[in-house]
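S.K.: Handing you a structure now.
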Amino acid sequence: MRQALLAVAFPLALLAFWHLATANRPASLIPPPHDVWLELWDLAFGGINDDAYSRTLHIHLLASLGRVYGGFAMALIVALPLGMLIGRITLVRQLIDPTIQILRPVPVTAWLPLAMIIFGLGPRSAIFLVFLGAFYPILVNTIFGVRAVEPRLFEAAAMLGCTGPAQFFRVVLPAALPSIFTGMRLGLGFAWVVIVVGEMTGVQTGLGAIIMEARQLSRTEIVISGMIVIGIFGFLSDQLVMLIGRWLLSWSPSHA
């Protein structure tokens, strides 16, 4: 109970400050919490404004979920084996790692024009940008986890007859899993951060799309509602990754 109270104390304090700062100020560009709640309800169920945004939350949410998890899955499929190869094989590290370190600081927003040129306007550009946002955290943490594997584990595995590529699955992958899951959490978080930028590529549906459209229409309550939904589902996504990580790492004393 104490932990739950502590968890909600700060958000409630922020809500109280928000209400006191915006209530009874009709000229304010920031709506009070009550107006945002009404707009969020209307987005989900309608019956309040009955405008073009009413009862459309599920459409935009499903579109964004597909792009976030699609881009994240692509990043995981590419970054996980590549990170294991870079972390384990010196030649691959010397060949690929310098290029990756040069490209890694480039902001995702800088890739936006190029993505639209290569993939065109639409969801493919959005998925590519989400892929970029999730790729580097997964890759860097996988490389770190692989390089941190205790060398004596390889010697012990070789003595037991586990040699060659089999060591990737029986030694490297289990030992690097804690770092890999850290990278997955960071990558999925960045995927939700990037989705707003990704949906600036001409898509008609998605949380990022309605946030940008509402900004142009000065519908700040819709902007904040979209931010709240992204925050909630980003949190739930992180909890899901943590749950899977605890299950797969139940053998580890530090993650049981």
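In the structure tokens, chains take the letters A, B, ... in the order shown, each chain's residues start at 1, and ligands count up from 1 in the order shown.
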Need the shell around range 38-47 of chain A: protein/DNA/RNA residues with any atom at most 8 Å away, counting only C-alpha atoms. Skip same-chain ones fewer than 6 positions apart. Format as a count of residues only?

M.R.: 9

S.K.: Give the alpha helix (DSSP H) residues of range 150-184 of chain A, as assigned by DSSP on the backbone, as a PDB file with all heavy atoms, in the first residue's frame.

M.R.:
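And here's states-v5.pdb as it stands now:
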ATOM      1  N   PRO A 151      35.463 -15.075 -19.950  1.00  0.00           N
ATOM      2  CA  PRO A 151      36.173 -16.001 -20.849  1.00  0.00           C
ATOM      3  C   PRO A 151      36.231 -17.438 -20.340  1.00  0.00           C
ATOM      4  O   PRO A 151      36.264 -18.385 -21.136  1.00  0.00           O
ATOM      5  CB  PRO A 151      37.590 -15.392 -20.922  1.00  0.00           C
ATOM      6  CG  PRO A 151      37.399 -13.948 -20.592  1.00  0.00           C
ATOM      7  CD  PRO A 151      36.280 -13.911 -19.600  1.00  0.00           C
ATOM      8  N   ARG A 152      36.192 -17.606 -19.026  1.00  0.00           N
ATOM      9  CA  ARG A 152      36.263 -18.963 -18.495  1.00  0.00           C
ATOM     10  C   ARG A 152      35.025 -19.782 -18.852  1.00  0.00           C
ATOM     11  O   ARG A 152      35.067 -21.015 -18.870  1.00  0.00           O
ATOM     12  CB  ARG A 152      36.430 -18.913 -16.970  1.00  0.00           C
ATOM     13  CG  ARG A 152      37.833 -18.502 -16.528  1.00  0.00           C
ATOM     14  CD  ARG A 152      37.940 -18.414 -15.036  1.00  0.00           C
ATOM     15  NE  ARG A 152      37.108 -17.349 -14.488  1.00  0.00           N
ATOM     16  CZ  ARG A 152      37.064 -17.037 -13.192  1.00  0.00           C
ATOM     17  NH1 ARG A 152      37.790 -17.717 -12.328  1.00  0.00           N
ATOM     18  NH2 ARG A 152      36.294 -16.063 -12.765  1.00  0.00           N
ATOM     19  N   LEU A 153      33.903 -19.096 -19.157  1.00  0.00           N
ATOM     20  CA  LEU A 153      32.714 -19.823 -19.583  1.00  0.00           C
ATOM     21  C   LEU A 153      32.946 -20.527 -20.914  1.00  0.00           C
ATOM     22  O   LEU A 153      32.466 -21.648 -21.127  1.00  0.00           O
ATOM     23  CB  LEU A 153      31.527 -18.863 -19.699  1.00  0.00           C
ATOM     24  CG  LEU A 153      31.002 -18.264 -18.395  1.00  0.00           C
ATOM     25  CD1 LEU A 153      29.879 -17.276 -18.680  1.00  0.00           C
ATOM     26  CD2 LEU A 153      30.510 -19.363 -17.453  1.00  0.00           C
ATOM     27  N   PHE A 154      33.698 -19.891 -21.808  1.00  0.00           N
ATOM     28  CA  PHE A 154      34.008 -20.521 -23.093  1.00  0.00           C
ATOM     29  C   PHE A 154      34.923 -21.725 -22.901  1.00  0.00           C
ATOM     30  O   PHE A 154      34.758 -22.757 -23.565  1.00  0.00           O
ATOM     31  CB  PHE A 154      34.657 -19.514 -24.034  1.00  0.00           C
ATOM     32  CG  PHE A 154      33.756 -18.365 -24.402  1.00  0.00           C
ATOM     33  CD1 PHE A 154      33.937 -17.122 -23.840  1.00  0.00           C
ATOM     34  CD2 PHE A 154      32.727 -18.539 -25.318  1.00  0.00           C
ATOM     35  CE1 PHE A 154      33.103 -16.067 -24.171  1.00  0.00           C
ATOM     36  CE2 PHE A 154      31.894 -17.498 -25.661  1.00  0.00           C
ATOM     37  CZ  PHE A 154      32.079 -16.256 -25.086  1.00  0.00           C
ATOM     38  N   GLU A 155      35.879 -21.588 -21.984  1.00  0.00           N
ATOM     39  CA  GLU A 155      36.782 -22.709 -21.709  1.00  0.00           C
ATOM     40  C   GLU A 155      36.013 -23.886 -21.113  1.00  0.00           C
ATOM     41  O   GLU A 155      36.224 -25.048 -21.503  1.00  0.00           O
ATOM     42  CB  GLU A 155      37.884 -22.261 -20.755  1.00  0.00           C
ATOM     43  CG  GLU A 155      38.762 -21.139 -21.323  1.00  0.00           C
ATOM     44  CD  GLU A 155      39.748 -20.622 -20.293  1.00  0.00           C
ATOM     45  OE1 GLU A 155      39.766 -21.182 -19.162  1.00  0.00           O
ATOM     46  OE2 GLU A 155      40.483 -19.660 -20.599  1.00  0.00           O
ATOM     47  N   ALA A 156      35.106 -23.583 -20.177  1.00  0.00           N
ATOM     48  CA  ALA A 156      34.319 -24.654 -19.563  1.00  0.00           C
ATOM     49  C   ALA A 156      33.412 -25.320 -20.597  1.00  0.00           C
ATOM     50  O   ALA A 156      33.256 -26.550 -20.609  1.00  0.00           O
ATOM     51  CB  ALA A 156      33.494 -24.091 -18.407  1.00  0.00           C
ATOM     52  N   ALA A 157      32.808 -24.510 -21.476  1.00  0.00           N
ATOM     53  CA  ALA A 157      31.936 -25.069 -22.514  1.00  0.00           C
ATOM     54  C   ALA A 157      32.721 -25.944 -23.470  1.00  0.00           C
ATOM     55  O   ALA A 157      32.256 -27.019 -23.892  1.00  0.00           O
ATOM     56  CB  ALA A 157      31.242 -23.934 -23.267  1.00  0.00           C
ATOM     57  N   ALA A 158      33.950 -25.513 -23.836  1.00  0.00           N
ATOM     58  CA  ALA A 158      34.772 -26.310 -24.743  1.00  0.00           C
ATOM     59  C   ALA A 158      35.162 -27.639 -24.113  1.00  0.00           C
ATOM     60  O   ALA A 158      35.197 -28.676 -24.792  1.00  0.00           O
ATOM     61  CB  ALA A 158      36.020 -25.515 -25.130  1.00  0.00           C
ATOM     62  N   MET A 159      35.418 -27.627 -22.812  1.00  0.00           N
ATOM     63  CA  MET A 159      35.761 -28.870 -22.125  1.00  0.00           C
ATOM     64  C   MET A 159      34.587 -29.840 -22.114  1.00  0.00           C
ATOM     65  O   MET A 159      34.771 -31.061 -22.089  1.00  0.00           O
ATOM     66  CB  MET A 159      36.201 -28.572 -20.688  1.00  0.00           C
ATOM     67  CG  MET A 159      37.539 -27.833 -20.590  1.00  0.00           C
ATOM     68  SD  MET A 159      37.941 -27.401 -18.892  1.00  0.00           S
ATOM     69  CE  MET A 159      38.026 -29.034 -18.156  1.00  0.00           C
ATOM     70  N   ALA A 166      27.952 -23.367 -31.765  1.00  0.00           N
ATOM     71  CA  ALA A 166      27.066 -23.754 -30.662  1.00  0.00           C
ATOM     72  C   ALA A 166      27.278 -22.881 -29.440  1.00  0.00           C
ATOM     73  O   ALA A 166      26.358 -22.707 -28.626  1.00  0.00           O
ATOM     74  CB  ALA A 166      27.296 -25.223 -30.313  1.00  0.00           C
ATOM     75  N   GLN A 167      28.481 -22.312 -29.288  1.00  0.00           N
ATOM     76  CA  GLN A 167      28.740 -21.455 -28.135  1.00  0.00           C
ATOM     77  C   GLN A 167      27.909 -20.182 -28.172  1.00  0.00           C
ATOM     78  O   GLN A 167      27.627 -19.595 -27.118  1.00  0.00           O
ATOM     79  CB  GLN A 167      30.232 -21.109 -28.060  1.00  0.00           C
ATOM     80  CG  GLN A 167      31.107 -22.280 -27.673  1.00  0.00           C
ATOM     81  CD  GLN A 167      32.534 -21.855 -27.395  1.00  0.00           C
ATOM     82  OE1 GLN A 167      32.948 -20.750 -27.741  1.00  0.00           O
ATOM     83  NE2 GLN A 167      33.302 -22.737 -26.772  1.00  0.00           N
ATOM     84  N   LEU A 173      24.611 -16.192 -25.720  1.00  0.00           N
ATOM     85  CA  LEU A 173      23.251 -15.669 -25.593  1.00  0.00           C
ATOM     86  C   LEU A 173      22.740 -15.684 -24.155  1.00  0.00           C
ATOM     87  O   LEU A 173      22.239 -14.657 -23.670  1.00  0.00           O
ATOM     88  CB  LEU A 173      22.308 -16.435 -26.517  1.00  0.00           C
ATOM     89  CG  LEU A 173      20.866 -15.916 -26.597  1.00  0.00           C
ATOM     90  CD1 LEU A 173      20.836 -14.469 -27.049  1.00  0.00           C
ATOM     91  CD2 LEU A 173      20.041 -16.781 -27.530  1.00  0.00           C
ATOM     92  N   PRO A 174      22.837 -16.795 -23.414  1.00  0.00           N
ATOM     93  CA  PRO A 174      22.356 -16.755 -22.022  1.00  0.00           C
ATOM     94  C   PRO A 174      23.112 -15.747 -21.161  1.00  0.00           C
ATOM     95  O   PRO A 174      22.498 -15.043 -20.352  1.00  0.00           O
ATOM     96  CB  PRO A 174      22.578 -18.187 -21.524  1.00  0.00           C
ATOM     97  CG  PRO A 174      22.610 -19.018 -22.758  1.00  0.00           C
ATOM     98  CD  PRO A 174      23.244 -18.165 -23.805  1.00  0.00           C
ATOM     99  N   ALA A 175      24.436 -15.664 -21.333  1.00  0.00           N
ATOM    100  CA  ALA A 175      25.213 -14.756 -20.497  1.00  0.00           C
ATOM    101  C   ALA A 175      24.940 -13.286 -20.833  1.00  0.00           C
ATOM    102  O   ALA A 175      25.038 -12.414 -19.966  1.00  0.00           O
ATOM    103  CB  ALA A 175      26.708 -15.053 -20.659  1.00  0.00           C
ATOM    104  N   ALA A 176      24.597 -13.010 -22.088  1.00  0.00           N
ATOM    105  CA  ALA A 176      24.364 -11.622 -22.508  1.00  0.00           C
ATOM    106  C   ALA A 176      22.911 -11.194 -22.365  1.00  0.00           C
ATOM    107  O   ALA A 176      22.598 -10.020 -22.604  1.00  0.00           O
ATOM    108  CB  ALA A 176      24.812 -11.441 -23.960  1.00  0.00           C
ATOM    109  N   LEU A 177      22.008 -12.104 -21.986  1.00  0.00           N
ATOM    110  CA  LEU A 177      20.581 -11.781 -21.933  1.00  0.00           C
ATOM    111  C   LEU A 177      20.252 -10.584 -21.038  1.00  0.00           C
ATOM    112  O   LEU A 177      19.396  -9.763 -21.404  1.00  0.00           O
ATOM    113  CB  LEU A 177      19.786 -13.006 -21.479  1.00  0.00           C
ATOM    114  CG  LEU A 177      19.271 -13.932 -22.581  1.00  0.00           C
ATOM    115  CD1 LEU A 177      18.478 -15.082 -21.985  1.00  0.00           C
ATOM    116  CD2 LEU A 177      18.411 -13.167 -23.578  1.00  0.00           C
ATOM    117  N   PRO A 178      20.865 -10.424 -19.846  1.00  0.00           N
ATOM    118  CA  PRO A 178      20.527  -9.236 -19.053  1.00  0.00           C
ATOM    119  C   PRO A 178      20.794  -7.930 -19.800  1.00  0.00           C
ATOM    120  O   PRO A 178      19.958  -7.016 -19.784  1.00  0.00           O
ATOM    121  CB  PRO A 178      21.439  -9.378 -17.822  1.00  0.00           C
ATOM    122  CG  PRO A 178      21.654 -10.846 -17.692  1.00  0.00           C
ATOM    123  CD  PRO A 178      21.733 -11.354 -19.091  1.00  0.00           C
ATOM    124  N   SER A 179      21.924  -7.818 -20.466  1.00  0.00           N
ATOM    125  CA  SER A 179      22.211  -6.612 -21.244  1.00  0.00           C
ATOM    126  C   SER A 179      21.283  -6.484 -22.445  1.00  0.00           C
ATOM    127  O   SER A 179      20.869  -5.374 -22.816  1.00  0.00           O
ATOM    128  CB  SER A 179      23.670  -6.615 -21.719  1.00  0.00           C
ATOM    129  OG  SER A 179      24.558  -6.508 -20.635  1.00  0.00           O
ATOM    130  N   ILE A 180      20.954  -7.615 -23.062  1.00  0.00           N
ATOM    131  CA  ILE A 180      20.054  -7.584 -24.217  1.00  0.00           C
ATOM    132  C   ILE A 180      18.687  -7.045 -23.809  1.00  0.00           C
ATOM    133  O   ILE A 180      18.094  -6.217 -24.512  1.00  0.00           O
ATOM    134  CB  ILE A 180      19.940  -8.984 -24.843  1.00  0.00           C
ATOM    135  CG1 ILE A 180      21.260  -9.375 -25.519  1.00  0.00           C
ATOM    136  CG2 ILE A 180      18.794  -9.039 -25.853  1.00  0.00           C
ATOM    137  CD1 ILE A 180      21.310 -10.807 -26.001  1.00  0.00           C
ATOM    138  N   PHE A 181      18.185  -7.477 -22.665  1.00  0.00           N
ATOM    139  CA  PHE A 181      16.873  -6.998 -22.231  1.00  0.00           C
ATOM    140  C   PHE A 181      16.923  -5.529 -21.822  1.00  0.00           C
ATOM    141  O   PHE A 181      15.934  -4.805 -21.984  1.00  0.00           O
ATOM    142  CB  PHE A 181      16.333  -7.863 -21.093  1.00  0.00           C
ATOM    143  CG  PHE A 181      15.523  -9.024 -21.582  1.00  0.00           C
ATOM    144  CD1 PHE A 181      16.095 -10.271 -21.726  1.00  0.00           C
ATOM    145  CD2 PHE A 181      14.198  -8.861 -21.937  1.00  0.00           C
ATOM    146  CE1 PHE A 181      15.354 -11.349 -22.198  1.00  0.00           C
ATOM    147  CE2 PHE A 181      13.448  -9.912 -22.410  1.00  0.00           C
ATOM    148  CZ  PHE A 181      14.023 -11.171 -22.541  1.00  0.00           C
ATOM    149  N   THR A 182      18.047  -5.084 -21.306  1.00  0.00           N
ATOM    150  CA  THR A 182      18.194  -3.647 -21.061  1.00  0.00           C
ATOM    151  C   THR A 182      18.106  -2.883 -22.369  1.00  0.00           C
ATOM    152  O   THR A 182      17.427  -1.843 -22.463  1.00  0.00           O
ATOM    153  CB  THR A 182      19.535  -3.358 -20.367  1.00  0.00           C
ATOM    154  OG1 THR A 182      19.583  -4.033 -19.113  1.00  0.00           O
ATOM    155  CG2 THR A 182      19.715  -1.866 -20.134  1.00  0.00           C
ATOM    156  N   GLY A 183      18.782  -3.379 -23.399  1.00  0.00           N
ATOM    157  CA  GLY A 183      18.706  -2.751 -24.709  1.00  0.00           C
ATOM    158  C   GLY A 183      17.304  -2.801 -25.290  1.00  0.00           C
ATOM    159  O   GLY A 183      16.847  -1.845 -25.940  1.00  0.00           O
ATOM    160  N   MET A 184      16.581  -3.901 -25.061  1.00  0.00           N
ATOM    161  CA  MET A 184      15.209  -4.011 -25.559  1.00  0.00           C
ATOM    162  C   MET A 184      14.306  -2.989 -24.885  1.00  0.00           C
ATOM    163  O   MET A 184      13.458  -2.356 -25.535  1.00  0.00           O
ATOM    164  CB  MET A 184      14.683  -5.428 -25.335  1.00  0.00           C
ATOM    165  CG  MET A 184      15.322  -6.475 -26.232  1.00  0.00           C
ATOM    166  SD  MET A 184      14.820  -8.168 -25.811  1.00  0.00           S
ATOM    167  CE  MET A 184      13.041  -8.070 -26.073  1.00  0.00           C
TER     168      MET A 184
END

S.K.: Provide the CA of Phe168 in chain A to CA of Trp247 in chain A distance in Å, to one decimal place.

M.R.: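 Rounded to one decimal, the two atoms are 20.6 Å apart.
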
S.K.: Rounded to one decimal place, report the CA of Glu199 in chain A-CA of Ala115 in chain A distance in Å.

M.R.: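 Here the two named atoms are 11.7 Å from each other.
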
S.K.: Which residues, written as a PyMOL selection string, have at least one atom at most 7 Å from Ala126 in chain A, with only C-alpha atoms counted and residues fewer than 5 positions away on the same chain left out?

M.R.: chain A and resi 67+198-199+201

S.K.: Which residue is closest to Gly245 in chain A? Choose from A:Ile211, A:Leu114, A:Gly226, A:Arg185 and count only C-alpha atoms.

M.R.: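 The answer is A:Arg185, which sits nearest to Gly245 in chain A.
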
S.K.: Using only C-alpha atoms for the distances, tell me which of A:Arg104, A:Val193, A:Val203, A:Trp37 is nearest to Met116 in chain A.

M.R.: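 So, comparing all the options, the nearest one is A:Val203.
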
S.K.: For Val78 in chain A, which of A:Leu207, A:Leu139, A:Ala110, A:Ala63 is the closest residue, counting only C-alpha atoms?

M.R.: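 Among the listed residues, A:Leu139 lies closest to Val78 in chain A.
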
S.K.: Using only C-alpha atoms, which residue out of A:Gln94, A:Phe128, A:Glu213, A:Gln239 lies closest to Val68 in chain A?

M.R.: A:Phe128

S.K.: Quick one: of A:Leu129, A:Val172, A:Val36, A:Leu160, who's nearest to Thr22 in chain A, counting only C-alpha atoms?

M.R.: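 With only C-alpha atoms as the atom set, the closest residue is A:Val36.
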
S.K.: Using only C-alpha atoms, determine which residues lie at most 10 Å from Gly187 in chain A, disregarding the query and same-chain residues fewer than 6 positions distant; provide the list as a list of chain:residue names.

M.R.: A:Phe72, A:Ala75, A:Leu76, A:Val130, A:Phe131, A:Leu132, A:Gly133, A:Ala134, A:Phe135, A:Tyr136, A:Pro137, A:Ile138, A:Leu139, A:Asn141, A:Phe181, A:Val193, A:Asp238

S.K.: So how many Å separate CA of Arg215 in chain A and CA of Leu15 in chain A, to one decimal?

M.R.: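 Distance reported for this atom pair: 22.0 Å.
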
S.K.: Which is closer to Gly231 in chain A than all the others in A:Gly145, A:Gly202, A:Pro32, A:Gly189, using only C-alpha atoms?

M.R.: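 Using only C-alpha atoms, Gly231 in chain A sits closest to A:Gly189.
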